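What follows is the content of structure-v1.tsv, which has TSV, C-alpha atoms and all ligand atoms:
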chain	number	residue	atom	x	y	z
U	22	MET	CA	44.99	2.75	31.06
U	23	LEU	CA	44.04	0.55	28.11
U	24	GLU	CA	40.48	-0.73	28.04
U	25	PRO	CA	40.00	-4.44	27.41
U	26	THR	CA	38.61	-5.18	23.95
U	27	THR	CA	34.97	-6.21	24.11
U	28	ALA	CA	32.39	-7.08	21.45
U	29	ALA	CA	30.98	-3.55	21.84
U	30	ASN	CA	34.23	-1.72	21.05
U	31	SER	CA	36.03	-4.17	18.78
U	32	PHE	CA	34.86	-2.61	15.51
U	33	ASN	CA	36.43	0.41	13.86
U	34	GLN	CA	34.17	3.20	15.11
U	35	GLU	CA	35.81	6.02	13.13
U	36	LEU	CA	34.27	7.30	9.93
U	37	THR	CA	37.07	8.37	7.55
U	38	ASP	CA	36.82	11.56	5.44
U	39	HIS	CA	36.32	9.46	2.36
U	40	GLU	CA	33.54	7.37	3.91
U	41	PHE	CA	31.85	10.47	5.31
U	42	ASN	CA	31.95	12.14	1.87
U	43	GLN	CA	30.56	9.04	0.18
U	44	LEU	CA	27.79	8.60	2.73
U	45	SER	CA	26.76	12.24	2.91
U	46	ALA	CA	26.57	12.46	-0.92
U	47	PHE	CA	24.46	9.31	-0.96
U	48	ILE	CA	22.14	10.58	1.79
U	49	TYR	CA	21.75	13.91	0.00
U	50	ASN	CA	20.85	12.14	-3.20
U	51	GLU	CA	18.33	9.82	-1.54
U	52	SER	CA	16.66	12.22	0.92
U	53	GLY	CA	17.76	15.79	0.21
U	54	ILE	CA	19.20	15.91	3.75
U	55	LYS	CA	22.39	17.97	3.69
U	56	LEU	CA	25.11	16.82	6.08
U	57	PRO	CA	27.97	19.33	6.25
U	58	PRO	CA	31.32	18.17	7.73
U	59	VAL	CA	30.28	19.43	11.22
U	60	LYS	CA	27.65	16.65	11.24
U	61	ARG	CA	30.27	13.92	10.87
U	62	ILE	CA	30.29	12.79	14.51
U	63	MET	CA	26.50	12.84	14.57
U	64	LEU	CA	26.38	10.60	11.49
U	65	GLN	CA	29.06	8.33	12.92
U	66	CYS	CA	27.13	7.87	16.20
U	67	ARG	CA	23.83	7.22	14.47
U	68	LEU	CA	25.31	4.68	12.05
U	69	GLN	CA	27.30	2.83	14.72
U	70	LYS	CA	23.98	1.50	16.01
U	71	ARG	CA	23.23	0.21	12.52
U	72	LEU	CA	26.65	-1.44	12.24
U	73	ARG	CA	26.05	-3.28	15.50
U	74	GLU	CA	22.63	-4.47	14.33
U	75	LEU	CA	24.21	-5.79	11.13
U	76	GLN	CA	27.17	-7.21	13.10
U	77	MET	CA	29.63	-5.36	10.90
U	78	SER	CA	33.04	-4.43	12.20
U	79	SER	CA	33.88	-1.32	10.13
U	80	PHE	CA	32.34	1.53	8.19
U	81	ARG	CA	34.17	0.25	5.11
U	82	GLU	CA	32.24	-3.01	5.35
U	83	TYR	CA	29.02	-1.03	5.85
U	84	CYS	CA	29.67	1.21	2.81
U	85	ASP	CA	30.46	-1.82	0.63
U	86	TYR	CA	27.17	-3.37	1.69
U	87	LEU	CA	25.14	-0.16	1.26
U	88	PHE	CA	26.53	0.56	-2.20
U	89	SER	CA	26.18	-3.05	-3.39
U	90	HIS	CA	23.26	-4.34	-5.45
U	91	SER	CA	22.50	-7.13	-3.00
U	92	GLY	CA	22.33	-5.09	0.23
U	93	GLY	CA	21.69	-1.55	-0.94
U	94	ASP	CA	17.96	-1.36	-1.57
U	95	ALA	CA	17.00	-2.94	1.73
U	96	GLU	CA	19.55	-0.94	3.69
U	97	ILE	CA	18.60	2.49	2.35
U	98	VAL	CA	15.31	2.48	4.24
U	99	SER	CA	16.96	1.46	7.54
U	100	MET	CA	19.78	3.93	7.03
U	101	LEU	CA	17.35	6.82	6.44
U	102	ASP	CA	15.51	5.77	9.61
U	103	VAL	CA	18.61	6.47	11.70
U	104	VAL	CA	19.78	9.51	9.73
U	105	SER	CA	16.55	11.55	9.93
U	106	THR	CA	16.03	13.92	12.85
U	107	ASN	CA	12.54	13.46	14.24
U	108	LYS	CA	12.24	16.10	16.95
U	109	THR	CA	8.61	17.15	17.35
U	110	ASP	CA	5.98	18.05	19.96
U	111	PHE	CA	2.27	18.34	20.49
U	112	PHE	CA	1.13	21.94	19.87
U	113	ARG	CA	4.55	22.88	18.49
U	114	GLU	CA	4.46	26.49	17.25
U	115	PRO	CA	0.97	27.04	18.65
U	116	THR	CA	0.17	30.25	16.73
U	117	HIS	CA	-0.46	28.03	13.67
U	118	PHE	CA	-3.20	26.15	15.49
U	119	ASP	CA	-4.74	29.43	16.71
U	120	PHE	CA	-4.78	30.66	13.10
U	121	ILE	CA	-6.48	27.45	11.95
U	122	SER	CA	-9.22	27.72	14.62
U	123	ASN	CA	-9.79	31.47	14.43
U	124	THR	CA	-9.28	32.27	10.74
U	125	MET	CA	-8.95	29.28	8.46
U	126	LEU	CA	-11.90	27.20	9.63
U	127	PRO	CA	-14.48	30.04	9.89
U	128	GLU	CA	-13.37	31.09	6.38
U	129	PHE	CA	-13.74	27.49	5.17
U	130	MET	CA	-17.29	27.33	6.56
U	131	GLU	CA	-18.21	30.61	4.88
U	132	GLY	CA	-16.86	29.47	1.53
U	133	SER	CA	-18.18	25.93	1.51
U	134	ARG	CA	-21.07	25.96	4.04
U	135	GLY	CA	-19.64	22.75	5.43
U	136	GLY	CA	-18.12	19.75	3.71
U	137	SER	CA	-14.84	17.97	4.21
U	138	PHE	CA	-11.65	19.82	5.09
U	139	SER	CA	-8.54	17.98	3.92
U	140	ALA	CA	-5.06	18.53	5.31
U	141	TRP	CA	-1.59	17.04	4.88
U	142	SER	CA	1.05	16.89	7.58
U	143	ALA	CA	4.12	16.53	5.36
U	144	GLY	CA	7.09	15.32	7.42
U	145	CYS	CA	4.87	14.25	10.33
U	146	SER	CA	7.53	12.46	12.42
U	147	SER	CA	6.00	10.42	15.29
U	148	GLY	CA	2.52	11.90	14.81
U	149	GLU	CA	2.34	14.77	17.31
U	150	GLU	CA	1.69	17.33	14.54
U	151	PRO	CA	-1.17	15.52	12.72
U	152	TYR	CA	-2.79	14.49	16.02
U	153	THR	CA	-2.62	18.08	17.33
U	154	LEU	CA	-4.25	19.20	14.10
U	155	ALA	CA	-6.92	16.51	14.55
U	156	PHE	CA	-7.67	17.74	18.11
U	157	VAL	CA	-8.21	21.25	16.75
U	158	LEU	CA	-10.34	20.13	13.78
U	159	ASN	CA	-12.37	17.79	15.97
U	160	GLU	CA	-13.13	20.59	18.42
U	161	PHE	CA	-14.39	22.69	15.52
U	162	MET	CA	-16.52	19.78	14.28
U	163	LEU	CA	-18.27	19.54	17.67
U	164	THR	CA	-19.67	23.03	17.27
U	165	HIS	CA	-20.18	22.81	13.47
U	166	PRO	CA	-22.07	19.58	12.71
U	167	THR	CA	-21.82	19.95	8.90
U	168	PHE	CA	-18.01	20.05	9.13
U	169	SER	CA	-15.84	16.95	8.66
U	170	TYR	CA	-12.13	16.43	8.02
U	171	THR	CA	-9.41	14.05	6.90
U	172	ILE	CA	-5.68	14.28	7.55
U	173	LEU	CA	-2.94	12.59	5.56
U	174	ALA	CA	0.38	12.34	7.40
U	175	THR	CA	3.59	11.27	5.65
U	176	ASP	CA	7.24	10.85	6.48
U	177	LEU	CA	10.42	9.40	5.03
U	178	SER	CA	11.17	7.22	8.05
U	179	THR	CA	9.26	3.94	8.24
U	180	LYS	CA	10.32	3.48	11.85
U	181	ILE	CA	8.93	6.82	12.98
U	182	LEU	CA	5.72	6.17	11.01
U	183	GLN	CA	5.21	2.95	12.96
U	184	GLN	CA	5.35	4.97	16.18
U	185	ALA	CA	2.89	7.49	14.74
U	186	VAL	CA	0.41	4.76	13.80
U	187	THR	CA	0.71	3.15	17.24
U	188	ALA	CA	-0.10	6.57	18.75
U	189	ILE	CA	1.25	5.78	22.23
U	190	TYR	CA	3.25	8.50	24.03
U	191	PRO	CA	4.89	8.85	27.45
U	192	GLU	CA	2.55	10.88	29.64
U	193	GLU	CA	5.09	13.69	30.14
U	194	ARG	CA	4.96	14.46	26.38
U	195	VAL	CA	1.31	15.47	26.55
U	196	THR	CA	1.45	17.93	29.47
U	197	VAL	CA	1.32	20.70	26.84
U	198	VAL	CA	-2.07	19.44	25.60
U	199	PRO	CA	-4.84	21.47	27.33
U	200	MET	CA	-6.63	19.45	30.03
U	201	HIS	CA	-10.04	19.55	28.35
U	202	LEU	CA	-8.53	18.00	25.18
U	203	ARG	CA	-6.56	15.41	27.17
U	204	GLN	CA	-9.76	14.31	28.89
U	205	LYS	CA	-11.58	13.90	25.57
U	206	TYR	CA	-8.93	12.61	23.22
U	207	LEU	CA	-6.29	10.70	25.23
U	208	LEU	CA	-6.62	7.29	26.88
U	209	ARG	CA	-4.39	6.71	29.94
U	210	SER	CA	-2.55	3.43	30.40
U	211	LYS	CA	-3.24	1.37	33.53
U	212	ASP	CA	0.50	0.90	34.10
U	213	ARG	CA	1.31	3.71	36.58
U	214	GLN	CA	5.00	2.71	36.75
U	215	ASN	CA	5.42	3.60	33.10
U	216	PRO	CA	2.56	6.01	32.41
U	217	THR	CA	1.61	6.41	28.76
U	218	VAL	CA	-1.35	7.75	26.82
U	219	ARG	CA	-2.85	6.62	23.55
U	220	ILE	CA	-4.67	8.82	21.06
U	221	ALA	CA	-8.36	7.88	21.16
U	222	PRO	CA	-9.85	6.03	18.15
U	223	LEU	CA	-12.26	8.91	17.45
U	224	ILE	CA	-9.18	10.99	16.55
U	225	ARG	CA	-7.09	8.22	14.96
U	226	GLN	CA	-9.86	7.36	12.51
U	227	HIS	CA	-9.41	10.75	10.81
U	228	VAL	CA	-5.64	10.40	10.28
U	229	SER	CA	-3.98	8.11	7.73
U	230	PHE	CA	-0.23	7.57	7.46
U	231	ALA	CA	1.97	6.76	4.47
U	232	ARG	CA	5.64	6.86	3.51
U	233	LEU	CA	6.53	9.67	1.12
U	234	ASN	CA	10.00	10.90	0.22
U	235	PHE	CA	10.11	14.59	-0.73
U	236	MET	CA	12.73	13.66	-3.31
U	237	ASP	CA	10.09	11.74	-5.33
U	238	SER	CA	9.65	13.36	-8.73
U	239	THR	CA	5.94	14.09	-8.09
U	240	TYR	CA	3.61	13.74	-5.11
U	241	SER	CA	0.84	12.21	-7.23
U	242	SER	CA	-0.25	9.79	-4.47
U	243	VAL	CA	-1.45	12.84	-2.49
U	244	PRO	CA	-4.83	14.46	-3.35
U	245	ALA	CA	-4.44	17.65	-5.36
U	246	ASP	CA	-7.19	19.70	-3.71
U	247	LEU	CA	-5.94	20.12	-0.15
U	248	HIS	CA	-7.10	23.00	2.04
U	249	LEU	CA	-3.96	22.95	4.18
U	250	VAL	CA	-0.41	21.60	4.00
U	251	MET	CA	1.76	21.75	7.11
U	252	CYS	CA	5.41	21.19	6.22
U	253	ARG	CA	7.17	22.44	9.30
U	254	ASN	CA	10.77	22.00	10.42
U	255	VAL	CA	11.65	19.78	7.49
U	256	LEU	CA	13.05	22.23	4.93
U	257	ILE	CA	15.83	23.27	7.33
U	258	TYR	CA	17.57	19.99	6.50
U	259	PHE	CA	17.64	20.79	2.75
U	260	ASP	CA	19.68	23.27	0.70
U	261	ARG	CA	17.92	26.22	-0.90
U	262	ALA	CA	17.57	24.71	-4.39
U	263	THR	CA	15.99	21.55	-2.91
U	264	GLN	CA	13.70	23.63	-0.68
U	265	GLU	CA	12.37	25.53	-3.69
U	266	LYS	CA	11.75	22.32	-5.66
U	267	VAL	CA	9.99	20.65	-2.73
U	268	ILE	CA	7.73	23.63	-2.02
U	269	ASN	CA	6.78	23.88	-5.70
U	270	LYS	CA	5.75	20.20	-5.62
U	271	LEU	CA	3.82	20.73	-2.36
U	272	CYS	CA	1.98	23.61	-4.04
U	273	THR	CA	0.70	21.24	-6.75
U	274	ARG	CA	-1.32	19.49	-4.00
U	275	ILE	CA	-2.93	22.67	-2.58
U	276	ARG	CA	-6.17	24.02	-4.00
U	277	PRO	CA	-6.30	27.71	-5.00
U	278	ASN	CA	-6.61	29.82	-1.82
U	279	GLY	CA	-5.50	26.83	0.27
U	280	TYR	CA	-2.78	27.30	2.87
U	281	LEU	CA	0.83	26.24	3.41
U	282	MET	CA	2.47	26.47	6.84
U	283	LEU	CA	6.23	26.25	7.32
U	284	GLY	CA	8.35	26.08	10.49
U	285	HIS	CA	9.19	29.36	12.20
U	286	SER	CA	12.86	29.27	11.20
U	287	GLU	CA	12.15	28.51	7.54
U	288	SER	CA	12.16	31.26	4.94
U	289	ILE	CA	11.07	31.23	1.30
U	290	LEU	CA	12.07	34.83	0.60
U	291	ASN	CA	12.93	35.43	-3.08
U	292	MET	CA	11.87	31.96	-4.22
U	293	ASN	CA	9.73	31.62	-7.30
U	294	LEU	CA	6.55	30.10	-5.84
U	295	PRO	CA	2.78	30.48	-6.38
U	296	LEU	CA	2.33	31.69	-2.80
U	297	GLN	CA	1.27	34.87	-1.08
U	298	GLN	CA	2.37	35.50	2.48
U	299	ILE	CA	-0.50	35.98	4.94
U	300	LYS	CA	1.49	36.01	8.18
U	301	PRO	CA	5.03	34.95	9.08
U	302	THR	CA	5.34	31.28	7.92
U	303	ILE	CA	1.69	31.16	6.73
U	304	TYR	CA	1.14	31.31	2.97
U	305	ARG	CA	-1.81	31.10	0.62
U	306	LYS	CA	-1.73	29.53	-2.82
U	307	VAL	CA	-2.53	32.08	-5.52
U	401	LIG	C1	12.14	17.66	12.78
U	401	LIG	S1	10.89	16.60	12.13
U	401	LIG	C2	9.52	17.73	12.02
U	401	LIG	C3	8.23	17.11	12.50
U	401	LIG	C4	7.02	18.04	12.52
U	401	LIG	N1	6.70	18.50	11.19
U	401	LIG	C5	7.24	19.19	13.44
U	401	LIG	O1	7.39	20.34	13.01
U	401	LIG	O2	7.26	18.97	14.66
U	401	LIG	C6	11.40	16.43	10.41
U	401	LIG	C7	10.82	15.21	9.74
U	401	LIG	O3	11.07	15.32	8.33
U	401	LIG	C8	11.30	14.02	7.83
U	401	LIG	N2	12.04	14.08	6.56
U	401	LIG	C9	13.35	14.41	6.36
U	401	LIG	N3	13.68	14.29	5.07
U	401	LIG	C10	12.56	13.87	4.43
U	401	LIG	C11	12.28	13.53	3.07
U	401	LIG	N4	13.21	13.60	2.13
U	401	LIG	N5	11.03	13.12	2.78
U	401	LIG	C12	10.08	13.03	3.74
U	401	LIG	N6	10.27	13.33	5.03
U	401	LIG	C13	11.51	13.74	5.38
U	401	LIG	C14	12.09	13.34	8.94
U	401	LIG	O4	12.03	11.93	8.87
U	401	LIG	C15	11.45	13.92	10.21
U	401	LIG	O5	10.48	13.06	10.77
Could you render the structure from this file as structure tokens?
Amino acid sequence: MLEPTTAANSFNQELTDHEFNQLSAFIYNESGIKLPPVKRIMLQCRLQKRLRELQMSSFREYCDYLFSHSGGDAEIVSMLDVVSTNKTDFFREPTHFDFISNTMLPEFMEGSRGGSFSAWSAGCSSGEEPYTLAFVLNEFMLTHPTFSYTILATDLSTKILQQAVTAIYPEERVTVVPMHLRQKYLLRSKDRQNPTVRIAPLIRQHVSFARLNFMDSTYSSVPADLHLVMCRNVLIYFDRATQEKVINKLCTRIRPNGYLMLGHSESILNMNLPLQQIKPTIYRKV
């Protein structure tokens, strides 16, 4: 049976091979994100939302707009917002946080006898990673009064950064956070129909957010003497040559003996990098 034509289905929802090739090359160039042909339907679905917002009736119209001088610059940011995959969690890959508490921070105290520990969550998504790190660093600070810390958190997507700054999460997302940390660092909403939590100001004040695209030629807006860079589950979206370039630029921001942590499925085997492996996915700058 034929469906009646409605406003929702009246536009051409199919992405042609040519449009897909044009868009994926453009996205690769702008963000490093590699979209092989198997990702075509995913791209089509994500961009359909954008077409509706712009009230455009075909992908051809959208491509003309994106690649034009008048629309292009403004649209790139919104397009990258829908194209990026932002899956994340509190205490994701928890062995990293155990390593920070049990090895990295005691070592930092021995070396510096206190002072400020500076970290970068590179590709921070909606903030779960930098806030988890802040919980861990704050706990350490409570038992080491000379210790302090700052965390910079960056992402490509302006939309996801807004969520991270707002720091409000559905309550079911924080069940993984240990109860004693939830009690100290999370504020519960009064609305019990739609229960949410907000990260407490005493944590938020240590975390600053900014937009940074890993494709930028240098990361000079980031301090160059960091003790820790977490860049987890980001490189998987890049090809190997881009991964190597990005990690080399990340290394320029890490102080000697500082640490880099990657996601558990990311490998830098046989890349030419100033890093020594300490544990799987944990590296030290040499
Ligand atoms: C899957 S999330 C990982 C979040 C977090 N690091 C974690 O492990 O849970 C990947 C993030 O990388 C960001 N990203 C992708 N390409 C990027 C680029 N070229 N520059 C900066 N961030 C990028 C995405 O916007 C997304 O939020």
May I have the residues within 10 Å of Thr175 in chain U as an mmCIF file with C-alpha atoms, keeping the file's coordinate frame, using only C-alpha atoms and disregarding those fewer than 3 positions away in the same chain?
data_model
loop_
_atom_site.group_PDB
_atom_site.id
_atom_site.type_symbol
_atom_site.label_atom_id
_atom_site.label_comp_id
_atom_site.auth_asym_id
_atom_site.auth_seq_id
_atom_site.Cartn_x
_atom_site.Cartn_y
_atom_site.Cartn_z
ATOM 1 C CA TRP U 141 -1.590 17.040 4.880
ATOM 2 C CA SER U 142 1.050 16.890 7.580
ATOM 3 C CA ALA U 143 4.120 16.530 5.360
ATOM 4 C CA GLY U 144 7.090 15.320 7.420
ATOM 5 C CA CYS U 145 4.870 14.250 10.330
ATOM 6 C CA SER U 146 7.530 12.460 12.420
ATOM 7 C CA SER U 147 6.000 10.420 15.290
ATOM 8 C CA GLY U 148 2.520 11.900 14.810
ATOM 9 C CA PRO U 151 -1.170 15.520 12.720
ATOM 10 C CA ILE U 172 -5.680 14.280 7.550
ATOM 11 C CA SER U 178 11.170 7.220 8.050
ATOM 12 C CA THR U 179 9.260 3.940 8.240
ATOM 13 C CA LEU U 182 5.720 6.170 11.010
ATOM 14 C CA ALA U 185 2.890 7.490 14.740
ATOM 15 C CA SER U 229 -3.980 8.110 7.730
ATOM 16 C CA PHE U 230 -0.230 7.570 7.460
ATOM 17 C CA ALA U 231 1.970 6.760 4.470
ATOM 18 C CA ARG U 232 5.640 6.860 3.510
ATOM 19 C CA LEU U 233 6.530 9.670 1.120
ATOM 20 C CA ASN U 234 10.000 10.900 0.220
ATOM 21 C CA PHE U 235 10.110 14.590 -0.730
ATOM 22 C CA VAL U 243 -1.450 12.840 -2.490
#
Within 7 Å of (6.0, 24.4, 10.9) (file coordinates; only C-alpha atoms), which protein or nucleic acid residues are there? I'd like them as a ChimeraX atom specification. /U:114,251-254,282-285
Contacts of Arg209 in chain U at 10 Å (all atoms listed in the file; same-chain gap of 6+ positions) as a PyMOL selection string: chain U and resi 189-192+203+216-221
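Shortest atom-to-atom contact with Phe168 in chain U among U:Ser133, U:Ala155, U:Pro199, U:Leu64: U:Ser133, counting only C-alpha atoms.
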What is the distance between CA of Cys272 in chain U and CA of Val103 in chain U, in Å to one decimal?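 CA of Val103 in chain U lies 28.6 Å from CA of Cys272 in chain U.
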List the spatial neighbours of range 31-45 of chain U as a ChimeraX atom specification - criterion: any atom at most 12 Å away, all atoms listed in the file, same-chain residues fewer than 5 positions off excluded. /U:24-26,50-73,75-85,87-88,97,100-101,104
Applying 12 Å and all atoms listed in the file, which residues near range 245-250 of chain U remain after dropping the ones on its own chain fewer than 3 positions away? List them as number ranges by chain. U: 117-118, 120-121, 125-126, 128-130, 132-133, 136-145, 150-151, 154, 158, 170-175, 239-242, 253, 268, 270-284, 302-306
Need the neighbours of (15.4, 28.0, 10.9): which residues are at most 6 Å away, counting only C-alpha atoms, as a PyMOL selection string? chain U and resi 257+286-287
Please dump the current selection as an mmCIF file, in the frame of the given file; keep C-alpha atoms.
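Saved to selection-v5.cif:
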data_model
loop_
_atom_site.group_PDB
_atom_site.id
_atom_site.type_symbol
_atom_site.label_atom_id
_atom_site.label_comp_id
_atom_site.auth_asym_id
_atom_site.auth_seq_id
_atom_site.Cartn_x
_atom_site.Cartn_y
_atom_site.Cartn_z
ATOM 1 C CA ILE U 257 15.830 23.270 7.330
ATOM 2 C CA SER U 286 12.860 29.270 11.200
ATOM 3 C CA GLU U 287 12.150 28.510 7.540
#
For a test of reading the model, state the distance in Å between CA of Lys300 in chain U and CA of Thr106 in chain U, rounded to one decimal. 26.9 Å
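Take the candidates U:Leu207, U:Leu163, U:Ala46, U:Val267 and check each one against Pro222 in chain U using all atoms listed in the file; the shortest distance goes to U:Leu207.
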Go through U:Thr109, U:Thr167, U:Gln226, U:Asn293 and flag the residue nearest Val195 in chain U, using all atoms listed in the file for the distances. U:Thr109
Could you give me the axis-aligned bounding box of ligand LIG 401 (chain U), with 8 Å of padding per side, as centre plus edge lengths in Å to one decimal, as JSON?
{"center_x": 10.2, "center_y": 16.1, "center_z": 8.4, "size_x": 23.0, "size_y": 24.4, "size_z": 28.5}
To one decimal in Å, tell me the separation between CA of Thr124 in chain U and atom C2 of ligand LIG 401 (chain U).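 Atom C2 of ligand LIG 401 (chain U) lies at a distance of 23.8 Å from CA of Thr124 in chain U.
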Distance criterion (all atoms listed in the file): nearest to Thr187 in chain U out of U:Glu74, U:Glu149, U:Asp119, U:Asp102: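 The shortest atom-to-atom distance to Thr187 in chain U comes from U:Glu149.
The shortest atom-to-atom distance to Arg134 in chain U, with all atoms listed in the file taken into account, belongs to U:His165 out of U:Lys266, U:Arg261, U:His165, U:Lys211.
Distance check against Arg194 in chain U using all atoms listed in the file: of U:Tyr152, U:Asp110, U:Tyr49, U:Gln297, the minimum falls on U:Asp110.
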